[in-house]
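Comments concern the structure below.
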Amino acid sequence: MCGRYARKSAQELLAEWFDLDLSIMPGFAPSYNAAPQSFQPVVRLSHDGGEREAALLRWGLVPFWAKDPRIGLNTINARAEEAAAKPAFREALKKRRCLVPADAFYEWQRIDAEKRRPLAFALQSGDPFAFAGLWESWQPPDGAPLGTFTILTTAPNQLMEPIHNRMPVIVAPKDYDRWLDSSSAAPTDLLSPYPAGQMRAWPVTEQVGSVRNNAPNLLDEVQDTQQSLFS
């Protein structure tokens with residue numbers, strides 16, 4: 001599962017990294033504690049020209065056929081191996097794939113029956129990266145359409161396995177075009193664990209547990225004397 005992530009990179013860097021036109025990007029600030037139901041930027045292909053564009057969508061996918069948008073509370077993630085068969089995700093997997101920019105994601109490691117500690121996971125290089133996402137547009141009975149997205153998850157790599165049995169799918173830059181191209185079948189070969197040797201993990205403050213906290217210090221490494229990271 002991926003239920004929190006951080007996106008600290010400035011818009012200028014993301015525009016360069018994802019080959020976007022900065023002049024038409026929607027305005028957004030860094031988010032150090034992106035949470036479900038918040039609006040976050042995704043990268044997708046435009047409907048008109050098929051060029052990459054950034055869009056602000058709400059995290060928690062609402063299928064176009066849904067009668068109640070509250071379904072989005074339960075669709076923040078889509079299991080990669082099941083998405084093609086799930087009614088909530090299968091059409092989006094075919095036609096509406098996106099990239100979700102991030103710099104890190106959070107997961108909680110259980111210490112004992114009562115205590116868990118938060119960890120941050122990122123690339124060893126320190127570069128931004130992209131989750132594999134799906135997006136939808138839902139039309140309410142009245143009002144403007146609501147754009148939403150979900151993040152695909154897969155089996156854990158060796159770094160993640162001691163912490164959790166799932167991890168978000170991370171798409172390598174060389175595969176961005178393949179993932180976004182809806183003119184061909186979904187490249188399911190990309191829905192695999194990211195190489196553990198290219199990632200790192202570190203303990204962070206428990207403040208990340210509250211969605212009200214959103215500051216750079218959430219990504220700072222904290223001293224943890226209770227036990228080693230993967231014991």
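Every chain in the structure tokens takes a letter, A first, then B, and so on in the order presented; its residues are numbered from 1, and the ligands are numbered from 1 following the presented order.
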Applying 12 Å and only C-alpha atoms, which residues near Lys174 of chain A remain after dropping the ones on its own chain fewer than 2 positions away? List them as a tab-separated table (two decimals) with N, CA and C atoms, in the first residue's frame.
```tsv
chain	number	residue	atom	x	y	z
A	17	TRP	N	12.19	17.54	-15.69
A	17	TRP	CA	12.30	16.09	-15.52
A	17	TRP	C	11.27	15.34	-16.36
A	18	PHE	N	10.05	15.88	-16.42
A	18	PHE	CA	8.98	15.19	-17.12
A	18	PHE	C	8.69	15.78	-18.51
A	129	PHE	N	11.07	10.95	-8.88
A	129	PHE	CA	10.67	9.75	-9.61
A	129	PHE	C	9.17	9.80	-9.85
A	130	ALA	N	8.63	8.76	-10.44
A	130	ALA	CA	7.21	8.74	-10.77
A	130	ALA	C	6.60	7.39	-10.42
A	170	ILE	N	7.20	2.07	-9.30
A	170	ILE	CA	7.98	3.21	-9.75
A	170	ILE	C	8.40	2.97	-11.20
A	171	VAL	N	8.11	3.95	-12.05
A	171	VAL	CA	8.41	3.84	-13.48
A	171	VAL	C	9.73	4.54	-13.77
A	172	ALA	N	10.66	3.86	-14.42
A	172	ALA	CA	11.93	4.46	-14.79
A	172	ALA	C	11.72	5.50	-15.89
A	176	TYR	N	8.75	6.19	-19.39
A	176	TYR	CA	7.63	7.12	-19.25
A	176	TYR	C	6.73	7.10	-20.49
A	177	ASP	N	7.33	7.17	-21.67
A	177	ASP	CA	6.52	7.19	-22.89
A	177	ASP	C	5.69	5.92	-23.05
A	178	ARG	N	6.30	4.79	-22.76
A	178	ARG	CA	5.56	3.52	-22.88
A	178	ARG	C	4.38	3.49	-21.94
A	179	TRP	N	4.57	3.97	-20.72
A	179	TRP	CA	3.48	3.90	-19.75
A	179	TRP	C	2.34	4.84	-20.14
A	180	LEU	N	2.67	6.01	-20.66
A	180	LEU	CA	1.64	7.01	-20.98
A	180	LEU	C	0.91	6.71	-22.28
A	190	LEU	N	6.12	-3.40	-16.88
A	190	LEU	CA	6.66	-2.33	-16.06
A	190	LEU	C	6.15	-2.37	-14.62
```
Would you give me, as a compact mmCIF listing (two decimals) with C-alpha atoms, in the first residue's frame, the residues in segment 37-229 of chain A that DSSP reads as strand (DSSP E)?
```
# COMPACT_ATOMS: atom_id res chain seq x y z
CA PHE A 39 -5.24 17.32 -4.94
CA GLN A 40 -1.83 16.45 -6.38
CA PRO A 41 -0.17 16.92 -9.78
CA VAL A 42 0.00 14.04 -12.23
CA VAL A 43 1.53 13.83 -15.70
CA ARG A 44 -0.64 12.52 -18.52
CA LEU A 45 -1.12 12.96 -22.27
CA ARG A 52 2.52 15.57 -21.91
CA GLU A 53 0.67 17.84 -19.53
CA ALA A 54 0.40 18.30 -15.78
CA ALA A 55 -3.02 18.19 -14.13
CA LEU A 56 -4.15 18.57 -10.53
CA LEU A 57 -6.29 15.58 -9.59
CA ARG A 58 -7.71 14.26 -6.33
CA TRP A 59 -6.05 11.16 -4.88
CA ASN A 77 -4.18 2.17 -4.62
CA ALA A 78 -4.74 -0.45 -7.30
CA ARG A 79 -3.02 -3.82 -7.12
CA ARG A 97 -2.50 6.01 -17.50
CA CYS A 98 -0.49 8.71 -15.78
CA LEU A 99 2.71 9.37 -13.84
CA VAL A 100 2.57 10.65 -10.27
CA PRO A 101 5.64 12.78 -9.43
CA ALA A 102 7.26 12.11 -6.05
CA ALA A 104 9.82 9.87 -1.42
CA PHE A 105 7.05 7.77 0.06
CA TYR A 106 6.30 6.75 3.61
CA GLU A 107 5.54 3.40 5.17
CA TRP A 108 5.11 2.34 8.76
CA GLN A 109 7.07 -0.54 10.26
CA ARG A 110 5.49 -2.44 13.13
CA ARG A 116 4.89 1.46 14.67
CA ARG A 117 7.54 3.80 13.29
CA PRO A 118 7.43 5.75 10.03
CA LEU A 119 10.10 5.32 7.38
CA ALA A 120 10.79 7.25 4.20
CA PHE A 121 11.82 5.52 0.96
CA ALA A 122 13.51 7.30 -1.95
CA LEU A 123 16.04 6.80 -4.72
CA PHE A 129 10.67 9.75 -9.61
CA ALA A 130 7.21 8.74 -10.77
CA PHE A 131 4.66 6.25 -9.54
CA ALA A 132 2.60 4.40 -12.12
CA GLY A 133 -0.88 5.88 -11.88
CA LEU A 134 -4.32 5.72 -13.44
CA TRP A 135 -6.72 8.63 -13.76
CA GLU A 136 -10.41 9.16 -14.31
CA SER A 137 -12.89 11.99 -14.84
CA TRP A 138 -16.18 11.69 -12.98
CA LEU A 146 -13.94 15.70 -10.86
CA GLY A 147 -10.52 14.38 -11.90
CA THR A 148 -9.05 11.65 -9.71
CA PHE A 149 -6.15 9.20 -9.69
CA THR A 150 -4.83 6.06 -8.06
CA ILE A 151 -1.33 4.66 -7.54
CA LEU A 152 -0.53 1.11 -8.66
CA THR A 153 1.19 -1.20 -6.18
CA THR A 154 3.19 -4.38 -6.64
CA MET A 167 5.13 -1.16 -2.56
CA PRO A 168 4.18 1.46 -5.15
CA ILE A 170 7.98 3.21 -9.75
CA VAL A 171 8.41 3.84 -13.48
CA MET A 199 16.68 2.83 -3.25
CA ARG A 200 17.28 3.77 0.37
CA ALA A 201 15.17 4.01 3.52
CA TRP A 202 15.49 5.98 6.76
CA PRO A 203 13.41 6.65 9.90
```
Practice task
Apply DSSP to the backbone of this structure and, from segment 21-226 of chain A, keep only the residues in alpha helix (DSSP H); write these as a list in words.
Solution key: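 Here is the list: Arg90, Glu91, Ala92, Leu93, Lys94, Lys95, Tyr176, Asp177, Arg178, Trp179 and Leu180 of chain A.
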Practice task
Kindly indicate which residue among A:Gly72, A:Asn214, A:Lys86, A:Asp127 lies nearest to Pro30 of chain A, using only C-alpha atoms for the distances.
Solution key: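 Closest candidate: A:Asn214.
Excluding Ala186 of chain A itself and same-chain residues fewer than 2 positions from it, the residues having an atom within 7 Å of it are A:Leu93, A:Lys94, A:Trp179, A:Ser184, A:Thr188, counting only C-alpha atoms.
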Residues near Leu218 of chain A, cut-off 12 Å, only C-alpha atoms, skip fewer than 2 positions along chain, as a PDB file with C-alpha atoms, in the first residue's frame:
```pdb
ATOM      1  CA  ARG A   4       1.472   8.927   1.976  1.00  0.00           C
ATOM      2  CA  TYR A   5       4.230  10.408  -0.132  1.00  0.00           C
ATOM      3  CA  ALA A   6       6.347  13.540  -0.476  1.00  0.00           C
ATOM      4  CA  ARG A   7       6.948  15.782  -3.467  1.00  0.00           C
ATOM      5  CA  LYS A   8       9.527  18.421  -2.618  1.00  0.00           C
ATOM      6  CA  SER A  31       3.848  18.645  -0.521  1.00  0.00           C
ATOM      7  CA  TYR A  32       5.830  16.818   2.142  1.00  0.00           C
ATOM      8  CA  ASN A  33       2.865  14.757   3.318  1.00  0.00           C
ATOM      9  CA  ALA A  34       0.582  14.082   0.361  1.00  0.00           C
ATOM     10  CA  ALA A 104       9.819   9.868  -1.423  1.00  0.00           C
ATOM     11  CA  PHE A 105       7.053   7.770   0.056  1.00  0.00           C
ATOM     12  CA  TYR A 106       6.297   6.754   3.611  1.00  0.00           C
ATOM     13  CA  PRO A 118       7.434   5.750  10.028  1.00  0.00           C
ATOM     14  CA  LEU A 119      10.102   5.319   7.382  1.00  0.00           C
ATOM     15  CA  ALA A 120      10.787   7.252   4.197  1.00  0.00           C
ATOM     16  CA  TRP A 202      15.486   5.976   6.756  1.00  0.00           C
ATOM     17  CA  PRO A 203      13.414   6.654   9.904  1.00  0.00           C
ATOM     18  CA  VAL A 204      11.489   9.927  10.021  1.00  0.00           C
ATOM     19  CA  THR A 205       9.523  11.853  12.629  1.00  0.00           C
ATOM     20  CA  GLU A 206       6.185  10.562  13.883  1.00  0.00           C
ATOM     21  CA  GLN A 207       4.744  13.938  12.894  1.00  0.00           C
ATOM     22  CA  VAL A 208       4.229  12.497   9.435  1.00  0.00           C
ATOM     23  CA  GLY A 209       1.340  10.514  10.897  1.00  0.00           C
ATOM     24  CA  SER A 210      -0.878  13.623  10.931  1.00  0.00           C
ATOM     25  CA  VAL A 211      -2.044  15.043   7.622  1.00  0.00           C
ATOM     26  CA  ARG A 212      -2.027  18.480   9.247  1.00  0.00           C
ATOM     27  CA  ASN A 213       1.778  18.414   9.223  1.00  0.00           C
ATOM     28  CA  ASN A 214       3.338  19.407   5.922  1.00  0.00           C
ATOM     29  CA  ALA A 215       6.868  20.762   6.254  1.00  0.00           C
ATOM     30  CA  PRO A 216      10.369  19.904   4.972  1.00  0.00           C
ATOM     31  CA  ASP A 220      14.670  14.578   7.947  1.00  0.00           C
ATOM     32  CA  GLU A 221      16.299  11.427   9.265  1.00  0.00           C
ATOM     33  CA  VAL A 222      15.753  10.931  12.986  1.00  0.00           C
TER      34      VAL A 222
END
```
Practice task
Could you please determine the separation between atom CA of Ile111 of chain A and atom CA of Leu159 of chain A in Å, to one decimal place?
Solution key: 16.7 Å
Exercise for the section: State, in Å with one decimal place, the distance from atom CA of Ala10 of chain A to atom CA of Ala29 of chain A. Expected result: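 Result for atom CA of Ala10 of chain A versus atom CA of Ala29 of chain A: 7.6 Å, one decimal.
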